$ cat final_15.pdb   # PDB, C-alpha atoms
ATOM      1  CA  MET Z  30      19.458  15.236  30.017
ATOM      2  CA  ARG Z  31      16.573  14.514  27.655
ATOM      3  CA  ILE Z  32      18.916  12.745  25.198
ATOM      4  CA  ALA Z  33      20.308  10.556  27.992
ATOM      5  CA  ARG Z  34      16.780   9.442  28.887
ATOM      6  CA  LYS Z  35      16.044   8.555  25.260
ATOM      7  CA  SER Z  36      19.248   6.557  24.971
ATOM      8  CA  ALA Z  37      18.505   4.653  28.173
ATOM      9  CA  THR Z  38      15.004   3.844  26.939
ATOM     10  CA  GLU Z  39      16.313   2.662  23.597
ATOM     11  CA  ALA Z  40      18.939   0.491  25.299
ATOM     12  CA  THR Z  41      16.216  -1.431  27.150
ATOM     13  CA  LEU Z  42      14.231  -2.403  24.033
ATOM     14  CA  GLU Z  43      13.499  -6.113  23.821
ATOM     15  CA  PRO Z  44      15.306  -8.095  21.127
ATOM     16  CA  LEU Z  45      13.294  -8.409  17.924
ATOM     17  CA  GLN Z  46      11.257 -11.589  17.507
ATOM     18  CA  LEU Z  47      11.533 -12.648  13.861
ATOM     19  CA  GLY Z  48       8.103 -14.304  13.846
ATOM     20  CA  GLN Z  49       6.432 -11.129  15.116
ATOM     21  CA  ARG Z  50       8.238  -9.141  12.429
ATOM     22  CA  VAL Z  51       7.053 -11.508   9.672
ATOM     23  CA  ARG Z  52       3.452 -11.191  10.946
ATOM     24  CA  ALA Z  53       3.707  -7.376  11.140
ATOM     25  CA  ILE Z  54       4.989  -7.164   7.560
ATOM     26  CA  ARG Z  55       2.258  -9.534   6.314
ATOM     27  CA  LEU Z  56      -0.484  -7.587   8.100
ATOM     28  CA  SER Z  57       0.900  -4.227   6.900
ATOM     29  CA  GLN Z  58       0.306  -5.531   3.359
ATOM     30  CA  ASN Z  59      -3.210  -6.732   4.298
ATOM     31  CA  LEU Z  60      -2.329 -10.313   3.414
ATOM     32  CA  THR Z  61      -3.963 -13.392   4.875
ATOM     33  CA  LEU Z  62      -1.745 -16.383   5.677
ATOM     34  CA  GLU Z  63      -3.132 -18.049   2.548
ATOM     35  CA  GLU Z  64      -2.248 -15.058   0.338
ATOM     36  CA  ALA Z  65       1.225 -14.770   1.864
ATOM     37  CA  SER Z  66       1.691 -18.498   1.301
ATOM     38  CA  LYS Z  67       0.945 -18.103  -2.423
ATOM     39  CA  ARG Z  68       3.296 -15.118  -2.739
ATOM     40  CA  THR Z  69       6.221 -16.697  -0.903
ATOM     41  CA  GLY Z  70       5.828 -20.322  -1.955
ATOM     42  CA  LEU Z  71       5.914 -21.372   1.710
ATOM     43  CA  ALA Z  72       3.189 -23.633   3.094
ATOM     44  CA  ARG Z  73       0.514 -21.872   5.157
ATOM     45  CA  SER Z  74       1.373 -24.105   8.125
ATOM     46  CA  THR Z  75       5.069 -23.212   7.815
ATOM     47  CA  LEU Z  76       4.277 -19.484   7.780
ATOM     48  CA  SER Z  77       2.063 -19.897  10.834
ATOM     49  CA  LYS Z  78       4.815 -21.745  12.710
ATOM     50  CA  ILE Z  79       7.368 -19.059  11.800
ATOM     51  CA  GLU Z  80       5.033 -16.269  12.957
ATOM     52  CA  ASN Z  81       4.352 -18.082  16.245
ATOM     53  CA  GLU Z  82       8.091 -18.636  16.876
ATOM     54  CA  GLN Z  83       7.581 -22.421  16.724
ATOM     55  CA  ILE Z  84      10.303 -22.816  14.083
ATOM     56  CA  SER Z  85      13.169 -20.672  12.801
ATOM     57  CA  PRO Z  86      13.078 -20.152   9.031
ATOM     58  CA  THR Z  87      15.925 -21.599   6.996
ATOM     59  CA  PHE Z  88      17.984 -19.215   4.887
ATOM     60  CA  SER Z  89      16.031 -20.470   1.865
ATOM     61  CA  ALA Z  90      12.748 -19.651   3.646
ATOM     62  CA  VAL Z  91      14.063 -16.186   4.549
ATOM     63  CA  ASN Z  92      14.842 -15.620   0.846
ATOM     64  CA  LYS Z  93      11.304 -16.709  -0.110
ATOM     65  CA  LEU Z  94       9.841 -14.343   2.504
ATOM     66  CA  VAL Z  95      12.000 -11.480   1.260
ATOM     67  CA  HIS Z  96      11.065 -11.993  -2.404
ATOM     68  CA  GLY Z  97       7.423 -12.897  -1.818
ATOM     69  CA  LEU Z  98       6.735  -9.932   0.485
ATOM     70  CA  GLY Z  99       8.760  -7.510  -1.658
ATOM     71  CA  ILE Z 100      11.173  -6.498   1.099
ATOM     72  CA  ASP Z 101      14.901  -6.824   1.739
ATOM     73  CA  ILE Z 102      16.716  -8.691   4.506
ATOM     74  CA  PRO Z 103      17.430  -5.604   6.681
ATOM     75  CA  GLN Z 104      13.670  -4.826   6.673
ATOM     76  CA  LEU Z 105      12.935  -8.337   7.918
ATOM     77  CA  PHE Z 106      15.290  -7.992  10.898
ATOM     78  CA  ALA Z 107      14.474  -4.349  11.764
ATOM     79  CA  GLN Z 108      11.344  -3.052  13.467
ATOM     80  CA  PRO Z 109       9.173  -0.488  11.659
ATOM     81  CA  ARG Z 110      10.031   3.172  12.161
ATOM     82  CA  THR Z 111       7.801   4.789  14.785
ATOM     83  CA  GLY Z 112       9.268   8.293  14.730
ATOM     84  CA  ALA Z 113      12.504  10.225  14.606
ATOM     85  CA  SER Z 114      15.317   8.397  16.358
ATOM     86  CA  ALA Z 115      17.844  10.041  18.634
ATOM     87  CA  GLY Z 116      21.493  10.146  17.623
ATOM     88  CA  GLY Z 117      24.281   8.344  19.432
ATOM     89  CA  ARG Z 118      22.755   4.851  19.282
ATOM     90  CA  ARG Z 119      24.734   1.735  20.117
ATOM     91  CA  ASP Z 120      24.265  -1.954  20.780
ATOM     92  CA  ILE Z 121      26.813  -4.303  22.316
ATOM     93  CA  THR Z 122      26.719  -8.037  21.712
ATOM     94  CA  ARG Z 123      28.962 -10.058  24.014
ATOM     95  CA  LYS Z 124      30.773 -13.105  22.654
ATOM     96  CA  GLY Z 125      28.322 -15.969  22.177
ATOM     97  CA  GLU Z 126      25.299 -13.839  23.113
ATOM     98  CA  GLY Z 127      23.947 -13.107  19.627
ATOM     99  CA  LYS Z 128      20.584 -14.516  18.524
ATOM    100  CA  PRO Z 129      21.136 -18.029  17.099
ATOM    101  CA  HIS Z 130      19.652 -18.768  13.689
ATOM    102  CA  PRO Z 131      20.736 -22.246  12.515
ATOM    103  CA  THR Z 132      20.086 -23.507   8.973
ATOM    104  CA  PRO Z 133      21.073 -26.819   7.322
ATOM    105  CA  THR Z 134      24.139 -25.196   5.712
ATOM    106  CA  TYR Z 135      25.089 -22.359   8.071
ATOM    107  CA  GLU Z 136      24.867 -21.613  11.782
ATOM    108  CA  HIS Z 137      24.139 -17.875  11.982
ATOM    109  CA  GLU Z 138      24.492 -15.719  15.085
ATOM    110  CA  LEU Z 139      22.619 -12.438  14.575
ATOM    111  CA  LEU Z 140      24.431  -9.487  16.168
ATOM    112  CA  ALA Z 141      23.162  -6.102  17.447
ATOM    113  CA  THR Z 142      19.598  -7.435  17.685
ATOM    114  CA  GLN Z 143      18.414  -4.826  20.194
ATOM    115  CA  LEU Z 144      18.948  -1.872  17.854
ATOM    116  CA  THR Z 145      15.983  -0.894  15.701
ATOM    117  CA  GLN Z 146      16.141   0.823  12.311
ATOM    118  CA  LYS Z 147      19.531  -0.609  11.407
ATOM    119  CA  LYS Z 148      20.788   0.151   7.922
ATOM    120  CA  MET Z 149      22.966  -2.984   8.104
ATOM    121  CA  VAL Z 150      22.434  -6.493   9.466
ATOM    122  CA  PRO Z 151      25.640  -7.968  10.953
ATOM    123  CA  PHE Z 152      25.925 -11.665  11.711
ATOM    124  CA  ARG Z 153      28.607 -14.203  12.478
ATOM    125  CA  THR Z 154      28.336 -17.539  10.702
ATOM    126  CA  ARG Z 155      29.844 -20.997  11.116
ATOM    127  CA  VAL Z 156      29.966 -22.637   7.663
ATOM    128  CA  HIS Z 157      28.993 -26.331   7.874
ATOM    129  CA  THR Z 158      28.748 -27.086   4.152
ATOM    130  CA  ARG Z 159      31.517 -28.990   2.414
ATOM    131  CA  THR Z 160      30.125 -29.114  -1.148
ATOM    132  CA  PHE Z 161      28.097 -26.721  -3.297
ATOM    133  CA  ASP Z 162      25.573 -29.530  -3.964
ATOM    134  CA  GLU Z 163      24.321 -29.211  -0.367
ATOM    135  CA  PHE Z 164      22.581 -25.924  -1.292
ATOM    136  CA  GLY Z 165      20.373 -27.181  -4.098
ATOM    137  CA  GLU Z 166      20.070 -23.647  -5.488
ATOM    138  CA  TRP Z 167      21.837 -20.290  -5.387
ATOM    139  CA  ILE Z 168      21.275 -18.019  -2.400
ATOM    140  CA  ARG Z 169      20.198 -14.575  -3.581
ATOM    141  CA  HIS Z 170      18.416 -11.610  -2.014
ATOM    142  CA  ASP Z 171      18.246  -7.831  -2.314
ATOM    143  CA  GLY Z 172      21.044  -5.560  -1.133
ATOM    144  CA  GLU Z 173      24.808  -5.745  -0.893
ATOM    145  CA  GLU Z 174      26.944  -7.828   1.423
ATOM    146  CA  PHE Z 175      30.385  -7.660   3.014
ATOM    147  CA  LEU Z 176      32.038 -10.949   3.972
ATOM    148  CA  TYR Z 177      35.115 -11.291   6.221
ATOM    149  CA  VAL Z 178      36.732 -14.656   7.036
ATOM    150  CA  LEU Z 179      37.356 -14.869  10.798
ATOM    151  CA  SER Z 180      38.887 -18.361  10.862
ATOM    152  CA  GLY Z 181      39.494 -21.308   8.568
ATOM    153  CA  SER Z 182      39.112 -21.141   4.811
ATOM    154  CA  ILE Z 183      36.157 -21.144   2.420
ATOM    155  CA  LEU Z 184      35.414 -21.595  -1.249
ATOM    156  CA  PHE Z 185      33.324 -18.559  -2.241
ATOM    157  CA  TYR Z 186      30.918 -19.343  -5.079
ATOM    158  CA  THR Z 187      29.309 -16.545  -7.089
ATOM    159  CA  GLU Z 188      27.013 -16.908 -10.073
ATOM    160  CA  PHE Z 189      29.063 -14.944 -12.612
ATOM    161  CA  TYR Z 190      32.621 -15.695 -11.435
ATOM    162  CA  GLU Z 191      34.833 -18.702 -10.892
ATOM    163  CA  PRO Z 192      34.872 -19.968  -7.263
ATOM    164  CA  VAL Z 193      37.651 -18.374  -5.208
ATOM    165  CA  THR Z 194      39.371 -19.533  -2.014
ATOM    166  CA  LEU Z 195      39.278 -17.054   0.869
ATOM    167  CA  ASN Z 196      41.427 -17.575   3.969
ATOM    168  CA  GLU Z 197      41.433 -16.035   7.440
ATOM    169  CA  GLY Z 198      41.622 -12.241   7.088
ATOM    170  CA  ASP Z 199      40.361 -12.198   3.464
ATOM    171  CA  SER Z 200      37.154 -10.368   2.581
ATOM    172  CA  ALA Z 201      34.696  -9.837  -0.269
ATOM    173  CA  TYR Z 202      32.020  -7.272  -1.118
ATOM    174  CA  TYR Z 203      29.309  -8.226  -3.596
ATOM    175  CA  ASP Z 204      25.825  -7.705  -4.949
ATOM    176  CA  CYS Z 205      23.421 -10.101  -3.185
ATOM    177  CA  THR Z 206      21.066 -10.389  -6.173
ATOM    178  CA  MET Z 207      23.879 -12.417  -7.760
ATOM    179  CA  GLY Z 208      23.681 -16.048  -6.661
ATOM    180  CA  HIS Z 209      26.254 -16.850  -3.970
ATOM    181  CA  ALA Z 210      27.217 -19.574  -1.485
ATOM    182  CA  LEU Z 211      30.052 -20.536   0.870
ATOM    183  CA  VAL Z 212      31.670 -23.930   1.375
ATOM    184  CA  SER Z 213      34.115 -24.639   4.208
ATOM    185  CA  THR Z 214      37.452 -26.063   2.996
ATOM    186  CA  SER Z 215      39.362 -26.127   6.302
ATOM    187  CA  ASP Z 216      39.489 -29.096   8.696
ATOM    188  CA  GLN Z 217      37.326 -27.168  11.164
ATOM    189  CA  ASP Z 218      34.160 -25.344  10.067
ATOM    190  CA  ALA Z 219      35.160 -21.885   8.851
ATOM    191  CA  GLU Z 220      33.755 -18.819  10.616
ATOM    192  CA  VAL Z 221      32.849 -15.628   8.785
ATOM    193  CA  LEU Z 222      31.432 -12.218   9.600
ATOM    194  CA  TRP Z 223      28.712 -11.027   7.244
ATOM    195  CA  VAL Z 224      27.243  -7.519   7.033
ATOM    196  CA  THR Z 225      24.166  -7.171   4.813
ATOM    197  CA  ALA Z 226      22.788  -3.792   3.742
TER     198      ALA Z 226
END
$ encode --input "final_15.pdb" --output "structure tokens"
Amino acid sequence: MRIARKSATEATLEPLQLGQRVRAIRLSQNLTLEEASKRTGLARSTLSKIENEQISPTFSAVNKLVHGLGIDIPQLFAQPRTGASAGGRRDITRKGEGKPHPTPTYEHELLATQLTQKKMVPFRTRVHTRTFDEFGEWIRHDGEEFLYVLSGSILFYTEFYEPVTLNEGDSAYYDCTMGHALVSTSDQDAEVLWVTA
């Protein structure tokens, strides 16, 4: 009976607000906005807007936050641990009901956003880019990543390997500290499932 009550309470947690999480991480390190700006390379005004949910950070900005604050991507999207968690957790995300996170190159939909303390961050992505030049620089961050092509086809660029074409049903697992990027090669924007840990 006690476990059922814990599960019900956990199921009603509000979805994580990324801006609040960025502020909590900054404050936990006793950093002012100015200090965090110097560490991340993001303008103080940009950081303030992110923390106040006025703008969503681009994937490049997320990478700068991750490196500048010395954390990894799962830490950015998971709330801090407040105590021992009960077993038997779950989170259901209905089709189209994930948390949108658009960037100039990708349109991310964050999944399972109500669960705290995740060891993985799953997200579905529509790949808008058509050429590698649209990125400007490699995407890299801590952790490992699993990529599964849901529809269409992509050219998968990695820093130390030749680009490879992946079609619907193909997958890849790789080290995220290695530069990587996706380019859609199908008529329609390709869709992929990413799981970052």
$ residues_around --input "final_15.pdb" --residues "region 137-152 of chain Z" --least-positions-apart "2" --cutoff "6 Å" --atoms "all atoms listed in the file" --output "mmCIF file with C-alpha atoms, in the frame of the given file"
data_model
loop_
_atom_site.group_PDB
_atom_site.id
_atom_site.type_symbol
_atom_site.label_atom_id
_atom_site.label_comp_id
_atom_site.auth_asym_id
_atom_site.auth_seq_id
_atom_site.Cartn_x
_atom_site.Cartn_y
_atom_site.Cartn_z
ATOM 1 C CA PRO Z 44 15.306 -8.095 21.127
ATOM 2 C CA PRO Z 103 17.430 -5.604 6.681
ATOM 3 C CA ALA Z 107 14.474 -4.349 11.764
ATOM 4 C CA GLN Z 108 11.344 -3.052 13.467
ATOM 5 C CA ASP Z 120 24.265 -1.954 20.780
ATOM 6 C CA THR Z 122 26.719 -8.037 21.712
ATOM 7 C CA GLY Z 127 23.947 -13.107 19.627
ATOM 8 C CA LYS Z 128 20.584 -14.516 18.524
ATOM 9 C CA PRO Z 129 21.136 -18.029 17.099
ATOM 10 C CA HIS Z 130 19.652 -18.768 13.689
ATOM 11 C CA PRO Z 131 20.736 -22.246 12.515
ATOM 12 C CA THR Z 154 28.336 -17.539 10.702
ATOM 13 C CA LEU Z 222 31.432 -12.218 9.600
ATOM 14 C CA TRP Z 223 28.712 -11.027 7.244
ATOM 15 C CA VAL Z 224 27.243 -7.519 7.033
ATOM 16 C CA THR Z 225 24.166 -7.171 4.813
ATOM 17 C CA ALA Z 226 22.788 -3.792 3.742
#
$ resolve_selection --input "final_15.pdb" --expression "the PyMOL selection byres ((chain Z and resi 220) around 8)" --output "CSV table (one decimal) with C-alpha atoms, in the frame of the given file"
chain,number,residue,atom,x,y,z
Z,153,ARG,CA,28.6,-14.2,12.5
Z,154,THR,CA,28.3,-17.5,10.7
Z,155,ARG,CA,29.8,-21.0,11.1
Z,156,VAL,CA,30.0,-22.6,7.7
Z,178,VAL,CA,36.7,-14.7,7.0
Z,179,LEU,CA,37.4,-14.9,10.8
Z,180,SER,CA,38.9,-18.4,10.9
Z,181,GLY,CA,39.5,-21.3,8.6
Z,218,ASP,CA,34.2,-25.3,10.1
Z,219,ALA,CA,35.2,-21.9,8.9
Z,221,VAL,CA,32.8,-15.6,8.8
Z,222,LEU,CA,31.4,-12.2,9.6
$ closest_atom_pairs --input "final_15.pdb" --of "region 91-180 of chain Z" --to "region 198-209 of chain Z" --cutoff "6 Å" --atoms "only C-alpha atoms" --output "CSV"
residue,atom,partner,partner_atom,distance
Z:Trp167,CA,Z:Gly208,CA,4.8
Z:Ile168,CA,Z:Gly208,CA,5.3
Z:Arg169,CA,Z:Gly208,CA,4.9
Z:His170,CA,Z:Thr206,CA,5.1
Z:Asp171,CA,Z:Thr206,CA,5.4
Z:Gly172,CA,Z:Cys205,CA,5.5
Z:Glu173,CA,Z:Asp204,CA,4.6
Z:Glu174,CA,Z:Tyr203,CA,5.6
Z:Phe175,CA,Z:Tyr202,CA,4.5
Z:Leu176,CA,Z:Ala201,CA,5.1
Z:Tyr177,CA,Z:Ser200,CA,4.3
Z:Val178,CA,Z:Gly198,CA,5.5
$ closest_residue --input "final_15.pdb" --among "Z:Ile84, Z:Arg118, Z:Asp216, Z:Ile79" --to "Arg159 (chain Z)" --atoms "only C-alpha atoms"
Z:Asp216
$ residues_around --input "final_15.pdb" --residues "Leu105 (chain Z)" --least-positions-apart "4" --cutoff "8 Å" --atoms "only C-alpha atoms" --output "short mmCIF file (atom, residue, chain, number, x, y, z; two decimals) with C-alpha atoms, in the frame of the given file"
data_model
loop_
_atom_site.label_atom_id
_atom_site.label_comp_id
_atom_site.auth_asym_id
_atom_site.auth_seq_id
_atom_site.Cartn_x
_atom_site.Cartn_y
_atom_site.Cartn_z
CA LEU Z 47 11.53 -12.65 13.86
CA ARG Z 50 8.24 -9.14 12.43
CA VAL Z 51 7.05 -11.51 9.67
CA VAL Z 95 12.00 -11.48 1.26
CA ILE Z 100 11.17 -6.50 1.10
CA ASP Z 101 14.90 -6.82 1.74
#
$ atom_distance --input "final_15.pdb" --atom1 "CA of Thr69 (chain Z)" --atom2 "CA of Thr187 (chain Z)"
23.9 Å
$ atom_distance --input "final_15.pdb" --atom1 "CA of Pro192 (chain Z)" --atom2 "CA of Leu211 (chain Z)"
9.5 Å
$ residues_around --input "final_15.pdb" --residues "Gln49 (chain Z)" --least-positions-apart "5" --cutoff "8 Å" --atoms "all atoms listed in the file" --output "list in words"
Glu80, Asn81 and Glu82 of chain Z
$ decode --input "final_15.pdb" --residues "region 73-86 of chain Z" --atoms "all heavy atoms" --output "CSV table (one decimal), in the first residue's frame"
chain,number,residue,atom,x,y,z
Z,73,ARG,N,25.7,36.7,-20.7
Z,73,ARG,CA,25.0,36.8,-19.4
Z,73,ARG,C,23.5,36.9,-19.7
Z,73,ARG,O,22.7,36.3,-19.1
Z,73,ARG,CB,25.5,38.0,-18.6
Z,73,ARG,CG,24.8,38.1,-17.2
Z,73,ARG,CD,25.3,39.4,-16.5
Z,73,ARG,NE,24.8,39.5,-15.2
Z,73,ARG,CZ,23.5,39.8,-14.9
Z,73,ARG,NH1,22.7,40.1,-15.9
Z,73,ARG,NH2,23.1,39.9,-13.7
Z,74,SER,N,23.1,37.7,-20.7
Z,74,SER,CA,21.7,38.0,-21.0
Z,74,SER,C,21.1,36.7,-21.6
Z,74,SER,O,19.9,36.4,-21.3
Z,74,SER,CB,21.6,39.1,-22.1
Z,74,SER,OG,22.3,38.8,-23.2
Z,75,THR,N,21.8,35.9,-22.4
Z,75,THR,CA,21.3,34.6,-22.9
Z,75,THR,C,21.1,33.6,-21.8
Z,75,THR,O,20.0,33.0,-21.7
Z,75,THR,CB,22.4,34.0,-23.9
Z,75,THR,OG1,22.6,35.0,-24.9
Z,75,THR,CG2,21.8,32.7,-24.4
Z,76,LEU,N,22.0,33.5,-20.8
Z,76,LEU,CA,21.8,32.7,-19.7
Z,76,LEU,C,20.6,33.0,-18.9
Z,76,LEU,O,19.8,32.2,-18.4
Z,76,LEU,CB,23.1,32.7,-18.7
Z,76,LEU,CG,24.2,31.8,-19.1
Z,76,LEU,CD1,25.4,32.1,-18.2
Z,76,LEU,CD2,23.8,30.3,-18.9
Z,77,SER,N,20.4,34.3,-18.6
Z,77,SER,CA,19.3,34.8,-17.9
Z,77,SER,C,18.0,34.5,-18.6
Z,77,SER,O,17.0,34.0,-18.0
Z,77,SER,CB,19.4,36.3,-17.7
Z,77,SER,OG,18.2,36.8,-17.0
Z,78,LYS,N,17.9,34.6,-19.9
Z,78,LYS,CA,16.7,34.3,-20.7
Z,78,LYS,C,16.5,32.8,-20.6
Z,78,LYS,O,15.3,32.3,-20.5
Z,78,LYS,CB,16.9,34.7,-22.1
Z,78,LYS,CG,16.7,36.2,-22.3
Z,78,LYS,CD,17.0,36.7,-23.7
Z,78,LYS,CE,16.9,38.2,-23.8
Z,78,LYS,NZ,17.2,38.6,-25.2
Z,79,ILE,N,17.5,32.0,-20.7
Z,79,ILE,CA,17.3,30.5,-20.6
Z,79,ILE,C,16.8,30.1,-19.2
Z,79,ILE,O,15.8,29.4,-19.1
Z,79,ILE,CB,18.7,29.8,-20.8
Z,79,ILE,CG1,19.1,29.9,-22.3
Z,79,ILE,CG2,18.6,28.3,-20.4
Z,79,ILE,CD1,20.5,29.4,-22.6
Z,80,GLU,N,17.4,30.7,-18.2
Z,80,GLU,CA,16.9,30.4,-16.8
Z,80,GLU,C,15.5,30.8,-16.5
Z,80,GLU,O,14.8,30.2,-15.8
Z,80,GLU,CB,17.9,31.0,-15.8
Z,80,GLU,CG,19.2,30.4,-15.7
Z,80,GLU,CD,20.1,30.9,-14.5
Z,80,GLU,OE1,19.6,31.8,-13.8
Z,80,GLU,OE2,21.2,30.4,-14.4
Z,81,ASN,N,15.1,31.9,-17.2
Z,81,ASN,CA,13.7,32.4,-17.0
Z,81,ASN,C,12.7,31.9,-18.0
Z,81,ASN,O,11.6,32.4,-18.2
Z,81,ASN,CB,13.7,34.0,-17.0
Z,81,ASN,CG,14.4,34.5,-15.8
Z,81,ASN,OD1,13.9,34.3,-14.7
Z,81,ASN,ND2,15.5,35.2,-16.0
Z,82,GLU,N,13.1,30.8,-18.8
Z,82,GLU,CA,12.3,30.1,-19.7
Z,82,GLU,C,11.8,31.1,-20.8
Z,82,GLU,O,10.7,30.9,-21.4
Z,82,GLU,CB,11.0,29.5,-19.1
Z,82,GLU,CG,11.4,28.6,-17.9
Z,82,GLU,CD,11.9,27.2,-18.4
Z,82,GLU,OE1,11.9,26.9,-19.6
Z,82,GLU,OE2,12.5,26.5,-17.5
Z,83,GLN,N,12.6,32.2,-21.1
Z,83,GLN,CA,12.2,33.1,-22.2
Z,83,GLN,C,12.7,32.6,-23.5
Z,83,GLN,O,12.1,32.9,-24.6
Z,83,GLN,CB,12.8,34.5,-21.9
Z,83,GLN,CG,12.2,35.1,-20.7
Z,83,GLN,CD,12.9,36.4,-20.3
Z,83,GLN,OE1,13.9,36.7,-20.8
Z,83,GLN,NE2,12.2,37.2,-19.4
Z,84,ILE,N,13.7,31.8,-23.6
Z,84,ILE,CA,14.2,31.1,-24.8
Z,84,ILE,C,14.6,29.7,-24.5
Z,84,ILE,O,14.9,29.4,-23.3
Z,84,ILE,CB,15.4,31.9,-25.4
Z,84,ILE,CG1,16.6,31.9,-24.5
Z,84,ILE,CG2,15.0,33.3,-25.9
Z,84,ILE,CD1,17.9,32.4,-25.1
Z,85,SER,N,14.5,28.8,-25.5
Z,85,SER,CA,15.0,27.5,-25.4
Z,85,SER,C,16.5,27.5,-25.9
Z,85,SER,O,16.7,28.0,-27.0
Z,85,SER,CB,14.2,26.5,-26.2
Z,85,SER,OG,12.9,26.3,-25.6
Z,86,PRO,N,17.4,26.9,-25.2
Z,86,PRO,CA,18.8,26.8,-25.7
Z,86,PRO,C,18.9,26.0,-26.9
Z,86,PRO,O,18.3,25.0,-27.0
Z,86,PRO,CB,19.6,26.3,-24.5
Z,86,PRO,CG,18.6,25.5,-23.7
Z,86,PRO,CD,17.3,26.2,-23.9
